[in-house]
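Asker: Coordinates in data.tsv, TSV, C-alpha atoms and all ligand atoms, are listed below.
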chain	number	residue	atom	x	y	z
A	425	MET	CA	8.37	16.91	30.25
A	426	GLU	CA	10.17	15.82	27.12
A	427	ILE	CA	8.72	13.15	24.84
A	428	LYS	CA	9.43	12.03	21.31
A	429	LEU	CA	6.37	12.51	19.13
A	430	ASN	CA	6.53	11.27	15.53
A	431	GLY	CA	10.30	11.22	15.74
A	432	LYS	CA	10.65	14.75	17.11
A	433	GLN	CA	11.40	15.99	20.62
A	434	GLU	CA	8.42	17.77	22.15
A	435	ASN	CA	7.65	19.31	25.47
A	436	ILE	CA	4.25	18.47	26.93
A	437	GLU	CA	2.61	18.92	30.31
A	438	ASN	CA	2.94	16.29	33.00
A	439	ASN	CA	0.03	13.89	33.49
A	440	THR	CA	-1.09	13.98	29.87
A	441	ASN	CA	-2.74	10.84	28.55
A	442	VAL	CA	-2.70	9.70	24.95
A	443	ALA	CA	-6.27	10.89	24.31
A	444	ASP	CA	-5.34	14.37	25.61
A	445	LEU	CA	-2.30	14.47	23.39
A	446	LEU	CA	-4.39	13.59	20.33
A	447	LYS	CA	-6.77	16.41	21.20
A	448	GLN	CA	-3.91	18.87	21.74
A	449	LYS	CA	-2.56	17.94	18.31
A	450	GLY	CA	-5.91	18.72	16.71
A	451	ILE	CA	-6.93	15.15	15.99
A	452	GLN	CA	-10.68	15.17	16.60
A	453	ASN	CA	-11.51	11.78	15.25
A	454	VAL	CA	-9.49	8.98	16.85
A	455	GLU	CA	-10.82	6.58	14.21
A	456	MET	CA	-8.46	8.02	11.61
A	457	VAL	CA	-5.26	7.32	13.51
A	458	THR	CA	-3.47	4.47	15.21
A	459	VAL	CA	-1.11	5.25	18.08
A	460	GLN	CA	2.07	3.46	18.99
A	461	LEU	CA	3.44	4.09	22.49
A	462	ASN	CA	6.97	2.83	23.13
A	463	GLY	CA	6.67	0.20	20.43
A	464	THR	CA	3.20	-1.09	21.33
A	465	PHE	CA	-0.05	-0.21	19.60
A	466	VAL	CA	-2.63	1.31	21.92
A	467	ASN	CA	-6.20	0.04	21.68
A	468	LYS	CA	-8.72	2.77	20.96
A	469	GLU	CA	-10.50	2.01	24.26
A	470	ASP	CA	-7.28	2.53	26.22
A	471	LEU	CA	-6.30	5.93	24.82
A	472	SER	CA	-7.44	7.83	27.90
A	473	ASN	CA	-5.98	5.31	30.37
A	474	LYS	CA	-2.48	5.53	28.99
A	475	THR	CA	-0.64	8.27	30.81
A	476	ILE	CA	2.44	9.53	29.07
A	477	THR	CA	5.69	9.64	31.02
A	478	GLU	CA	9.00	11.41	30.45
A	479	ASN	CA	10.95	10.25	27.37
A	480	ASP	CA	8.08	8.18	26.00
A	481	GLU	CA	8.14	7.62	22.27
A	482	ILE	CA	4.81	8.12	20.54
A	483	ASP	CA	3.93	7.76	16.90
A	484	PHE	CA	0.71	8.61	15.15
A	485	LEU	CA	0.01	6.52	12.06
A	486	TYR	CA	-2.80	7.75	9.85
A	487	PHE	CA	-4.97	5.72	7.54
A	488	MET	CA	-4.04	6.44	3.95
A	489	GLY	CA	-5.92	5.15	0.96
A	490	GLY	CA	-4.96	6.41	-2.44
A	491	GLY	CA	-4.39	4.32	-5.51
A	492	SER	CA	-7.15	3.08	-7.72
A	493	LYS	CA	-10.78	3.80	-7.15
A	494	SER	CA	-11.75	0.86	-9.26
A	495	THR	CA	-12.17	-1.74	-6.59
A	496	VAL	CA	-14.91	0.19	-4.80
A	497	ARG	CA	-18.24	-1.54	-5.07
A	498	GLN	CA	-20.03	1.61	-6.03
A	499	LYS	CA	-23.50	0.17	-5.93
A	500	ARG	CA	-23.09	-0.57	-2.25
A	501	CYS	CA	-22.14	3.01	-1.44
A	502	TYR	CA	-24.53	5.32	0.20
A	503	HIS	CA	-24.06	8.92	1.10
A	504	GLN	CA	-25.71	12.03	2.48
B	1314	MET	CA	18.11	-19.39	-18.97
B	1315	ASP	CA	20.21	-17.89	-21.73
B	1316	PHE	CA	19.94	-14.24	-22.55
B	1317	THR	CA	19.49	-13.12	-26.12
B	1318	GLU	CA	21.66	-10.32	-27.53
B	1319	GLU	CA	18.68	-8.04	-27.24
B	1320	GLN	CA	18.10	-8.93	-23.60
B	1321	ILE	CA	21.76	-8.36	-22.75
B	1322	GLU	CA	21.41	-4.90	-24.21
B	1323	ARG	CA	18.00	-4.14	-22.72
B	1324	TYR	CA	18.96	-5.20	-19.21
B	1325	SER	CA	22.62	-4.15	-19.35
B	1326	ARG	CA	22.30	-1.69	-16.43
B	1327	HIS	CA	20.93	-4.49	-14.28
B	1328	LEU	CA	23.47	-7.01	-15.50
B	1329	ILE	CA	26.41	-4.83	-14.48
B	1330	LEU	CA	24.77	-3.92	-11.19
B	1331	GLN	CA	26.29	-5.64	-8.22
B	1332	ASP	CA	23.53	-7.48	-6.32
B	1333	VAL	CA	21.47	-7.94	-9.45
B	1334	GLY	CA	23.67	-9.27	-12.25
B	1335	ILE	CA	22.78	-12.23	-14.44
B	1336	GLU	CA	21.40	-14.24	-11.55
B	1337	GLY	CA	19.23	-11.39	-10.27
B	1338	GLN	CA	17.95	-10.55	-13.74
B	1339	GLN	CA	16.96	-14.19	-14.20
B	1340	LYS	CA	15.01	-14.06	-10.94
B	1341	ILE	CA	13.30	-10.86	-12.10
B	1342	MET	CA	12.39	-12.51	-15.40
B	1343	GLU	CA	10.97	-15.52	-13.59
B	1344	GLY	CA	8.98	-13.25	-11.23
B	1345	LYS	CA	5.20	-13.19	-11.20
B	1346	VAL	CA	3.65	-10.08	-9.68
B	1347	LEU	CA	0.00	-9.19	-9.25
B	1348	ILE	CA	-0.94	-5.51	-9.14
B	1349	VAL	CA	-4.32	-4.85	-7.56
B	1350	GLY	CA	-5.61	-1.60	-9.05
B	1351	ALA	CA	-4.27	-0.04	-12.27
B	1352	GLY	CA	-4.51	3.51	-10.91
B	1353	GLY	CA	-2.19	6.05	-9.30
B	1354	LEU	CA	0.05	3.50	-7.57
B	1355	GLY	CA	-0.43	0.65	-10.01
B	1356	SER	CA	0.69	2.83	-12.94
B	1357	PRO	CA	4.30	3.48	-11.90
B	1358	VAL	CA	4.60	0.01	-10.38
B	1359	ALA	CA	3.52	-1.63	-13.64
B	1360	MET	CA	5.75	0.59	-15.79
B	1361	TYR	CA	8.90	-0.01	-13.75
B	1362	LEU	CA	8.29	-3.73	-13.35
B	1363	ALA	CA	7.69	-4.03	-17.08
B	1364	ALA	CA	10.85	-2.10	-17.87
B	1365	ALA	CA	12.82	-4.24	-15.41
B	1366	GLY	CA	11.65	-7.37	-17.19
B	1367	VAL	CA	9.40	-8.99	-14.57
B	1368	GLY	CA	8.25	-12.10	-16.43
B	1369	THR	CA	4.56	-12.10	-15.59
B	1370	ILE	CA	2.50	-9.13	-14.51
B	1371	GLY	CA	-1.13	-9.56	-13.47
B	1372	LEU	CA	-3.41	-6.52	-13.42
B	1373	ILE	CA	-6.80	-6.49	-11.78
B	1374	ASP	CA	-9.10	-3.51	-12.14
B	1375	GLY	CA	-12.74	-3.26	-13.13
B	1376	ASP	CA	-12.74	0.40	-14.08
B	1377	VAL	CA	-12.40	2.46	-17.25
B	1378	VAL	CA	-10.08	5.44	-17.71
B	1379	ASP	CA	-11.63	8.68	-16.59
B	1380	ARG	CA	-10.36	12.22	-17.28
B	1381	THR	CA	-9.72	12.81	-13.57
B	1382	ASN	CA	-7.31	9.85	-13.59
B	1383	LEU	CA	-4.88	11.42	-16.04
B	1384	GLN	CA	-3.38	13.84	-13.49
B	1385	ARG	CA	-1.49	10.97	-11.80
B	1386	GLN	CA	-2.27	7.59	-13.39
B	1387	ILE	CA	0.58	7.84	-15.85
B	1388	ILE	CA	0.07	4.50	-17.57
B	1389	HIS	CA	-3.13	5.89	-19.12
B	1390	PHE	CA	-3.07	8.53	-21.85
B	1391	THR	CA	-5.69	11.00	-23.03
B	1392	GLY	CA	-6.48	8.75	-25.98
B	1393	ASP	CA	-7.41	5.98	-23.54
B	1394	LEU	CA	-10.44	7.76	-22.07
B	1395	ASN	CA	-13.30	5.32	-21.46
B	1396	ARG	CA	-11.12	2.30	-22.23
B	1397	PRO	CA	-10.85	-0.43	-19.59
B	1398	LYS	CA	-7.82	0.40	-17.43
B	1399	VAL	CA	-6.42	-3.11	-17.63
B	1400	GLU	CA	-6.42	-2.98	-21.45
B	1401	SER	CA	-4.86	0.47	-21.55
B	1402	ALA	CA	-2.19	-0.64	-19.06
B	1403	LYS	CA	-1.46	-3.89	-20.89
B	1404	GLU	CA	-0.84	-1.97	-24.10
B	1405	LYS	CA	1.67	0.37	-22.41
B	1406	ILE	CA	3.46	-2.51	-20.70
B	1407	HIS	CA	3.92	-4.17	-24.08
B	1408	ALA	CA	5.02	-0.91	-25.64
B	1409	VAL	CA	7.77	-0.67	-23.01
B	1410	ASN	CA	8.65	-4.36	-23.06
B	1411	PRO	CA	7.01	-6.83	-25.43
B	1412	GLU	CA	8.59	-9.74	-23.53
B	1413	ILE	CA	6.30	-9.42	-20.53
B	1414	LYS	CA	3.43	-11.83	-20.11
B	1415	VAL	CA	0.47	-9.73	-18.99
B	1416	ASN	CA	-2.63	-11.27	-17.45
B	1417	ILE	CA	-5.57	-8.93	-17.12
B	1418	TYR	CA	-8.63	-9.31	-14.94
B	1419	ARG	CA	-11.31	-6.76	-15.65
B	1420	GLU	CA	-13.14	-7.25	-12.40
B	1421	LEU	CA	-13.13	-6.25	-8.76
B	1422	PHE	CA	-10.70	-7.97	-6.44
B	1423	SER	CA	-13.12	-9.70	-4.10
B	1424	PRO	CA	-13.30	-12.53	-1.56
B	1425	ASP	CA	-14.76	-14.68	-4.35
B	1426	ASN	CA	-11.81	-14.44	-6.73
B	1427	ALA	CA	-8.89	-13.39	-4.48
B	1428	PHE	CA	-7.34	-16.80	-3.78
B	1429	ASP	CA	-7.81	-18.11	-7.31
B	1430	ILE	CA	-6.13	-15.11	-8.85
B	1431	MET	CA	-3.37	-14.76	-6.25
B	1432	ALA	CA	-2.37	-18.41	-6.51
B	1433	ASP	CA	-0.40	-17.74	-9.70
B	1434	TYR	CA	1.76	-14.96	-8.25
B	1435	ASP	CA	4.82	-14.58	-5.99
B	1436	PHE	CA	4.14	-11.05	-4.80
B	1437	ILE	CA	1.07	-8.82	-4.59
B	1438	VAL	CA	1.07	-5.03	-4.86
B	1439	ASP	CA	-1.79	-3.19	-3.19
B	1440	GLY	CA	-2.67	-0.20	-5.32
B	1441	THR	CA	-6.25	0.18	-4.11
B	1442	ASP	CA	-7.78	3.25	-2.56
B	1443	ASN	CA	-10.40	1.97	-0.15
B	1444	PHE	CA	-9.93	0.42	3.25
B	1445	PRO	CA	-12.23	-2.59	3.05
B	1446	THR	CA	-10.27	-3.72	-0.02
B	1447	LYS	CA	-6.92	-2.90	1.58
B	1448	PHE	CA	-7.79	-5.05	4.58
B	1449	MET	CA	-9.07	-7.79	2.30
B	1450	VAL	CA	-5.80	-7.78	0.32
B	1451	ASN	CA	-3.96	-8.01	3.64
B	1452	ASP	CA	-6.10	-10.85	4.95
B	1453	ALA	CA	-5.89	-12.79	1.69
B	1454	CYS	CA	-2.09	-12.45	1.66
B	1455	VAL	CA	-1.75	-13.48	5.32
B	1456	MET	CA	-4.02	-16.49	4.74
B	1457	ALA	CA	-2.29	-17.53	1.52
B	1458	LYS	CA	1.17	-16.70	2.94
B	1459	LYS	CA	1.93	-14.30	0.08
B	1460	PRO	CA	4.15	-11.25	0.48
B	1461	PHE	CA	2.64	-7.91	-0.44
B	1462	SER	CA	3.37	-4.20	-0.53
B	1463	HIS	CA	0.94	-1.78	1.07
B	1464	GLY	CA	0.78	1.73	-0.34
B	1465	GLY	CA	-1.28	4.73	0.72
B	1466	ILE	CA	-1.28	8.33	-0.49
B	1467	LEU	CA	-3.25	11.41	0.45
B	1468	ARG	CA	-2.70	15.10	-0.26
B	1469	PHE	CA	1.10	15.50	-0.06
B	1470	GLU	CA	1.81	12.39	1.97
B	1471	GLY	CA	2.48	8.73	1.44
B	1472	GLN	CA	3.06	5.60	3.46
B	1473	THR	CA	4.25	2.13	2.56
B	1474	MET	CA	5.19	-1.14	4.24
B	1475	THR	CA	6.01	-4.62	3.00
B	1476	TYR	CA	4.41	-7.70	4.44
B	1477	ILE	CA	6.37	-10.93	4.48
B	1478	PRO	CA	4.74	-13.95	6.16
B	1479	GLY	CA	5.79	-14.07	9.79
B	1480	HIS	CA	6.21	-10.30	10.05
B	1481	ALA	CA	3.74	-7.59	11.04
B	1482	CYS	CA	0.73	-7.24	8.75
B	1483	TYR	CA	-1.37	-4.18	7.90
B	1484	ARG	CA	-3.98	-5.30	10.42
B	1485	CYS	CA	-1.35	-5.47	13.19
B	1486	LEU	CA	-1.12	-1.69	12.84
B	1487	PHE	CA	-4.59	-0.57	12.00
B	1488	GLY	CA	-6.86	-3.25	13.43
B	1489	SER	CA	-9.88	-2.77	11.21
B	1490	PRO	CA	-11.12	-0.38	8.52
B	1491	PRO	CA	-12.10	3.10	9.73
B	1492	PRO	CA	-15.80	3.96	9.65
B	1493	PRO	CA	-16.93	5.26	6.26
B	1494	ASN	CA	-16.03	8.91	5.81
B	1495	ALA	CA	-13.81	9.07	8.93
B	1496	VAL	CA	-10.85	9.28	6.58
B	1497	PRO	CA	-11.01	11.43	3.46
B	1498	SER	CA	-10.25	9.81	0.11
B	1499	CYS	CA	-8.10	11.33	-2.61
B	1500	SER	CA	-11.24	12.35	-4.47
B	1501	GLN	CA	-12.42	14.23	-1.38
B	1502	ALA	CA	-9.16	15.72	-0.17
B	1503	GLY	CA	-7.04	15.67	-3.32
B	1504	VAL	CA	-3.58	14.33	-3.95
B	1505	LEU	CA	-0.53	15.81	-5.66
B	1506	GLY	CA	-0.11	13.71	-8.80
B	1507	SER	CA	3.60	13.08	-8.40
B	1508	ILE	CA	3.05	11.63	-4.90
B	1509	ALA	CA	1.62	8.56	-6.63
B	1510	GLY	CA	4.90	8.24	-8.50
B	1511	MET	CA	7.03	8.70	-5.37
B	1512	LEU	CA	5.14	6.00	-3.52
B	1513	GLY	CA	4.67	3.68	-6.49
B	1514	THR	CA	8.36	3.65	-7.33
B	1515	ILE	CA	9.16	2.69	-3.73
B	1516	GLN	CA	6.68	-0.18	-4.04
B	1517	ALA	CA	8.23	-1.26	-7.37
B	1518	THR	CA	11.67	-1.17	-5.74
B	1519	GLU	CA	10.47	-3.40	-2.92
B	1520	VAL	CA	9.14	-5.90	-5.48
B	1521	LEU	CA	12.46	-5.98	-7.34
B	1522	LYS	CA	14.42	-6.35	-4.07
B	1523	PHE	CA	12.15	-9.21	-3.10
B	1524	LEU	CA	12.61	-10.92	-6.47
B	1525	VAL	CA	16.42	-10.64	-6.43
B	1526	ASP	CA	16.46	-11.39	-2.70
B	1527	LYS	CA	18.75	-8.50	-1.80
B	1528	GLY	CA	18.71	-5.74	0.79
B	1529	ASP	CA	16.29	-5.04	3.62
B	1530	LEU	CA	12.61	-4.90	2.85
B	1531	LEU	CA	10.18	-2.55	4.61
B	1532	THR	CA	9.11	-5.30	6.99
B	1533	ASP	CA	8.08	-4.44	10.56
B	1534	ARG	CA	8.42	-0.78	9.68
B	1535	MET	CA	6.47	1.80	7.78
B	1536	LEU	CA	8.05	4.48	5.64
B	1537	ILE	CA	6.10	7.72	5.77
B	1538	PHE	CA	6.84	10.87	3.83
B	1539	ASP	CA	5.52	14.38	3.75
B	1540	ALA	CA	6.40	15.85	0.38
B	1541	LEU	CA	5.56	19.43	1.40
B	1542	LYS	CA	8.43	19.29	3.88
B	1543	MET	CA	10.13	16.61	1.80
B	1544	SER	CA	10.81	14.72	4.98
B	1545	PHE	CA	10.83	10.96	5.34
B	1546	ARG	CA	10.49	9.03	8.56
B	1547	GLU	CA	10.26	5.44	9.56
B	1548	VAL	CA	8.11	3.92	12.28
B	1549	ARG	CA	9.21	0.53	13.54
B	1550	PHE	CA	6.83	-1.99	15.08
B	1551	GLN	CA	6.39	-5.65	15.81
B	1552	PRO	CA	3.69	-8.15	14.92
B	1553	SER	CA	0.70	-7.61	17.25
B	1554	PRO	CA	-0.06	-10.71	19.34
B	1555	GLY	CA	-3.68	-9.49	19.40
B	1556	CYS	CA	-3.95	-9.13	15.60
B	1557	ASN	CA	-7.21	-10.66	14.36
B	1558	ILE	CA	-5.61	-12.29	11.35
B	1559	CYS	CA	-1.96	-13.07	12.19
B	1560	GLY	CA	-1.99	-12.91	16.01
B	1561	ASP	CA	-1.99	-15.62	18.64
B	1562	HIS	CA	-5.75	-16.13	18.49
B	1563	PRO	CA	-6.96	-15.08	15.05
B	1564	THR	CA	-10.71	-14.46	14.83
B	1565	ILE	CA	-10.88	-14.03	11.05
B	1566	ARG	CA	-11.24	-17.44	9.45
B	1567	SER	CA	-12.74	-16.62	6.08
B	1568	LEU	CA	-12.07	-13.84	3.65
B	1569	GLN	CA	-14.59	-11.01	3.53
B	1570	MET	CA	-15.04	-7.34	2.83
B	1571	GLU	CA	-15.47	-5.51	6.09
B	1572	GLU	CA	-17.82	-2.58	6.44
B	1573	MET	CA	-18.74	-0.12	3.76
B	1574	PRO	CA	-16.19	1.10	1.26
B	1575	ALA	CA	-14.99	4.67	1.51
B	1576	CYS	CA	-17.33	6.40	-0.86
B	1577	ASP	CA	-18.03	10.00	-1.49
B	1578	LEU	CA	-20.45	12.32	-3.13
B	1579	ASN	CA	-18.54	12.76	-6.35
B	1580	GLN	CA	-17.61	9.27	-7.34
B	1581	LYS	CA	-15.45	10.60	-10.13
A	1601	ZN	ZN	-1.28	-8.93	11.83
Output the file's structure in the form of structure tokens.

Answerer:
Amino acid sequence: MEIKLNGKQENIENNTNVADLLKQKGIQNVEMVTVQLNGTFVNKEDLSNKTITENDEIDFLYFMGGGSKSTVRQKRCYHQ
Amino acid sequence: MDFTEEQIERYSRHLILQDVGIEGQQKIMEGKVLIVGAGGLGSPVAMYLAAAGVGTIGLIDGDVVDRTNLQRQIIHFTGDLNRPKVESAKEKIHAVNPEIKVNIYRELFSPDNAFDIMADYDFIVDGTDNFPTKFMVNDACVMAKKPFSHGGILRFEGQTMTYIPGHACYRCLFGSPPPPNAVPSCSQAGVLGSIAGMLGTIQATEVLKFLVDKGDLLTDRMLIFDALKMSFREVRFQPSPGCNICGDHPTIRSLQMEEMPACDLNQK
């Protein structure tokens, strides 16, 4: 079936849910993206309950930082 | 406000511009804009706002200029290495336009100082790189009913939206900061230097449009570009009724930094 993903027409299999679609698009970590389905943001918990239907419009919005590093409280950082 | 001969000359391209003109230039010159972060995004924003004649520019940044900054943070020069960024930036702003009043805050933007500092400004520009601070800027602006511009860049991509009270906020889209290290930072994944300029000049344009009160701001929509394909797209949305800060039943009542900042192995 035809859907509109990130502004482009795409053909995907019937009975795909949003979580499946993320996986098919190579997005492993759902924490880095927010999904809008037909104008409504989908809660992370609901990604696998939302089945996509013909002509749905889906947008992936990624977290993007950038800018100045300066406001990081470096002393509170910990790492591997 | 009367313009001096020098000002008429300096701002002549604005003065002849329909939708700016004398009235718009006066509004620009009365404008007070706070730039949070004097880095990749803050650099072009500060330069263009200074050149445009924005009356008061506030700069908050606790850092010093590092060699790795010079690839994209164009307000800082090689001779500025190890100087506080706010001092380096103030000097350049005055070199471009000595008329600008520049307030510098050599500190971190934090829940302790956010409201005090923001109170003096009409518009806030988010030029920070980490999500806890981005959410804090958002929350502070929603609480204080201040408009702000969100900007994000990574690799070859950028995204920006403008918050105006009553419209969708950054939290309406993203809910809460991602877990540390779920999203790479520019120092982990890199960023093409000129992307900071592309995004920063869009943010500066939004500020100027807001000040002159003309055109359509990036409210309830996010502009996203991929510079490798040089394609731009826009995602429209509406305020989230479930948003924790601006929704029907807000749960956030005091300003705080949420979760750990995005940090990485090589802090530089
Ligand atoms: Zn909101």

Asker: In Å, how far is it from CA of Gly1471 (chain B) to CA of Met1543 (chain B)?

Answerer: 11.0 Å

Asker: So, counting only C-alpha atoms and all ligand atoms, which residue among A:Glu426, A:Asn453, A:Phe465, A:Glu478 is closest to ligand ZN 1601 (chain A)?

Answerer: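 Using only C-alpha atoms and all ligand atoms, the shortest distance to ligand ZN 1601 (chain A) belongs to A:Phe465.
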
Asker: Set the cut-off to 8 Å and count all atoms listed in the file: what are the residues of chain B that reach chain A? Output as a compact mmCIF listing (two decimals) with C-alpha atoms, in the coordinates of the input.

Answerer:
# COMPACT_ATOMS: atom_id res chain seq x y z
CA GLY B 1350 -5.61 -1.60 -9.05
CA ALA B 1351 -4.27 -0.04 -12.27
CA GLY B 1352 -4.51 3.51 -10.91
CA GLY B 1353 -2.19 6.05 -9.30
CA LEU B 1354 0.05 3.50 -7.57
CA GLY B 1355 -0.43 0.65 -10.01
CA ASP B 1374 -9.10 -3.51 -12.14
CA GLY B 1375 -12.74 -3.26 -13.13
CA ASP B 1376 -12.74 0.40 -14.08
CA LEU B 1421 -13.13 -6.25 -8.76
CA PHE B 1422 -10.70 -7.97 -6.44
CA GLY B 1440 -2.67 -0.20 -5.32
CA THR B 1441 -6.25 0.18 -4.11
CA ASP B 1442 -7.78 3.25 -2.56
CA ASN B 1443 -10.40 1.97 -0.15
CA PHE B 1444 -9.93 0.42 3.25
CA THR B 1446 -10.27 -3.72 -0.02
CA GLY B 1464 0.78 1.73 -0.34
CA GLY B 1465 -1.28 4.73 0.72
CA ILE B 1466 -1.28 8.33 -0.49
CA LEU B 1467 -3.25 11.41 0.45
CA GLY B 1471 2.48 8.73 1.44
CA GLN B 1472 3.06 5.60 3.46
CA LEU B 1486 -1.12 -1.69 12.84
CA PHE B 1487 -4.59 -0.57 12.00
CA PRO B 1491 -12.10 3.10 9.73
CA PRO B 1492 -15.80 3.96 9.65
CA ALA B 1495 -13.81 9.07 8.93
CA VAL B 1496 -10.85 9.28 6.58
CA SER B 1498 -10.25 9.81 0.11
CA CYS B 1499 -8.10 11.33 -2.61
CA ALA B 1509 1.62 8.56 -6.63
CA ARG B 1546 10.49 9.03 8.56
CA VAL B 1548 8.11 3.92 12.28
CA ARG B 1549 9.21 0.53 13.54
CA PHE B 1550 6.83 -1.99 15.08
CA GLN B 1551 6.39 -5.65 15.81
CA SER B 1553 0.70 -7.61 17.25
CA MET B 1573 -18.74 -0.12 3.76
CA PRO B 1574 -16.19 1.10 1.26
CA ALA B 1575 -14.99 4.67 1.51
CA CYS B 1576 -17.33 6.40 -0.86
CA ASP B 1577 -18.03 10.00 -1.49
CA LEU B 1578 -20.45 12.32 -3.13

Asker: Figure out the distance between CA of Cys1482 (chain B) and CA of Gln433 (chain A), please, to one decimal in Å.

Answerer: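 Separating CA of Gln433 (chain A) from CA of Cys1482 (chain B) is a distance of 28.2 Å.
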
Asker: Go ahead and compute the interatomic distance for CA of Ile476 (chain A) and CA of Thr440 (chain A), in Å to one decimal.

Answerer: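 Value for the CA of Ile476 (chain A)-CA of Thr440 (chain A) distance: 5.7 Å.
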
Asker: Using only C-alpha atoms, pick whichever of A:Ala443, A:Leu461, A:Leu471, A:Ile451 has the shortest atom-to-atom distance to Ile427 (chain A).

Answerer: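 Looking at the shortest contact to Ile427 (chain A), the residue is A:Leu461.
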
Asker: Residues within 8 Å of ligand ZN 1601 (chain A) should be enumerated using only C-alpha atoms and all ligand atoms and returned as a list of chain:residue names.

Answerer: B:Val1455, B:His1480, B:Ala1481, B:Cys1482, B:Tyr1483, B:Arg1484, B:Cys1485, B:Leu1486, B:Pro1552, B:Ser1553, B:Pro1554, B:Gly1555, B:Cys1556, B:Asn1557, B:Ile1558, B:Cys1559, B:Gly1560

Asker: Take the residues just selected and output them with C-alpha atoms as a PDB file, in the coordinates of the input.

Answerer:
ATOM      1  CA  VAL B1455      -1.750 -13.480   5.320  1.00  0.00           C
ATOM      2  CA  HIS B1480       6.210 -10.300  10.050  1.00  0.00           C
ATOM      3  CA  ALA B1481       3.740  -7.590  11.040  1.00  0.00           C
ATOM      4  CA  CYS B1482       0.730  -7.240   8.750  1.00  0.00           C
ATOM      5  CA  TYR B1483      -1.370  -4.180   7.900  1.00  0.00           C
ATOM      6  CA  ARG B1484      -3.980  -5.300  10.420  1.00  0.00           C
ATOM      7  CA  CYS B1485      -1.350  -5.470  13.190  1.00  0.00           C
ATOM      8  CA  LEU B1486      -1.120  -1.690  12.840  1.00  0.00           C
ATOM      9  CA  PRO B1552       3.690  -8.150  14.920  1.00  0.00           C
ATOM     10  CA  SER B1553       0.700  -7.610  17.250  1.00  0.00           C
ATOM     11  CA  PRO B1554      -0.060 -10.710  19.340  1.00  0.00           C
ATOM     12  CA  GLY B1555      -3.680  -9.490  19.400  1.00  0.00           C
ATOM     13  CA  CYS B1556      -3.950  -9.130  15.600  1.00  0.00           C
ATOM     14  CA  ASN B1557      -7.210 -10.660  14.360  1.00  0.00           C
ATOM     15  CA  ILE B1558      -5.610 -12.290  11.350  1.00  0.00           C
ATOM     16  CA  CYS B1559      -1.960 -13.070  12.190  1.00  0.00           C
ATOM     17  CA  GLY B1560      -1.990 -12.910  16.010  1.00  0.00           C
TER      18      GLY B1560
END

Asker: Quick one: everything within 10 Å of Phe1316 (chain B), counting only C-alpha atoms, minus sequence neighbours fewer than 6 positions away in the same chain. Send it as a VMD selection string.

Answerer: chain B and resid 1322 1324 1335 1338 to 1339

Asker: Hey, what's within 12 Å of Lys1403 (chain B) if we count only C-alpha atoms and toss same-chain stuff fewer than 2 positions away? As a PyMOL selection string, please?

Answerer: chain B and resi 1348+1351+1355-1356+1359-1360+1363+1369-1374+1388-1389+1393+1396-1401+1405-1419

Asker: Counting all atoms listed in the file, which of B:Val1504, B:Leu1330, B:Ala1517, B:Leu1530 gets nearest to Val1438 (chain B)?

Answerer: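 The shortest atom-to-atom distance to Val1438 (chain B) comes from B:Ala1517.
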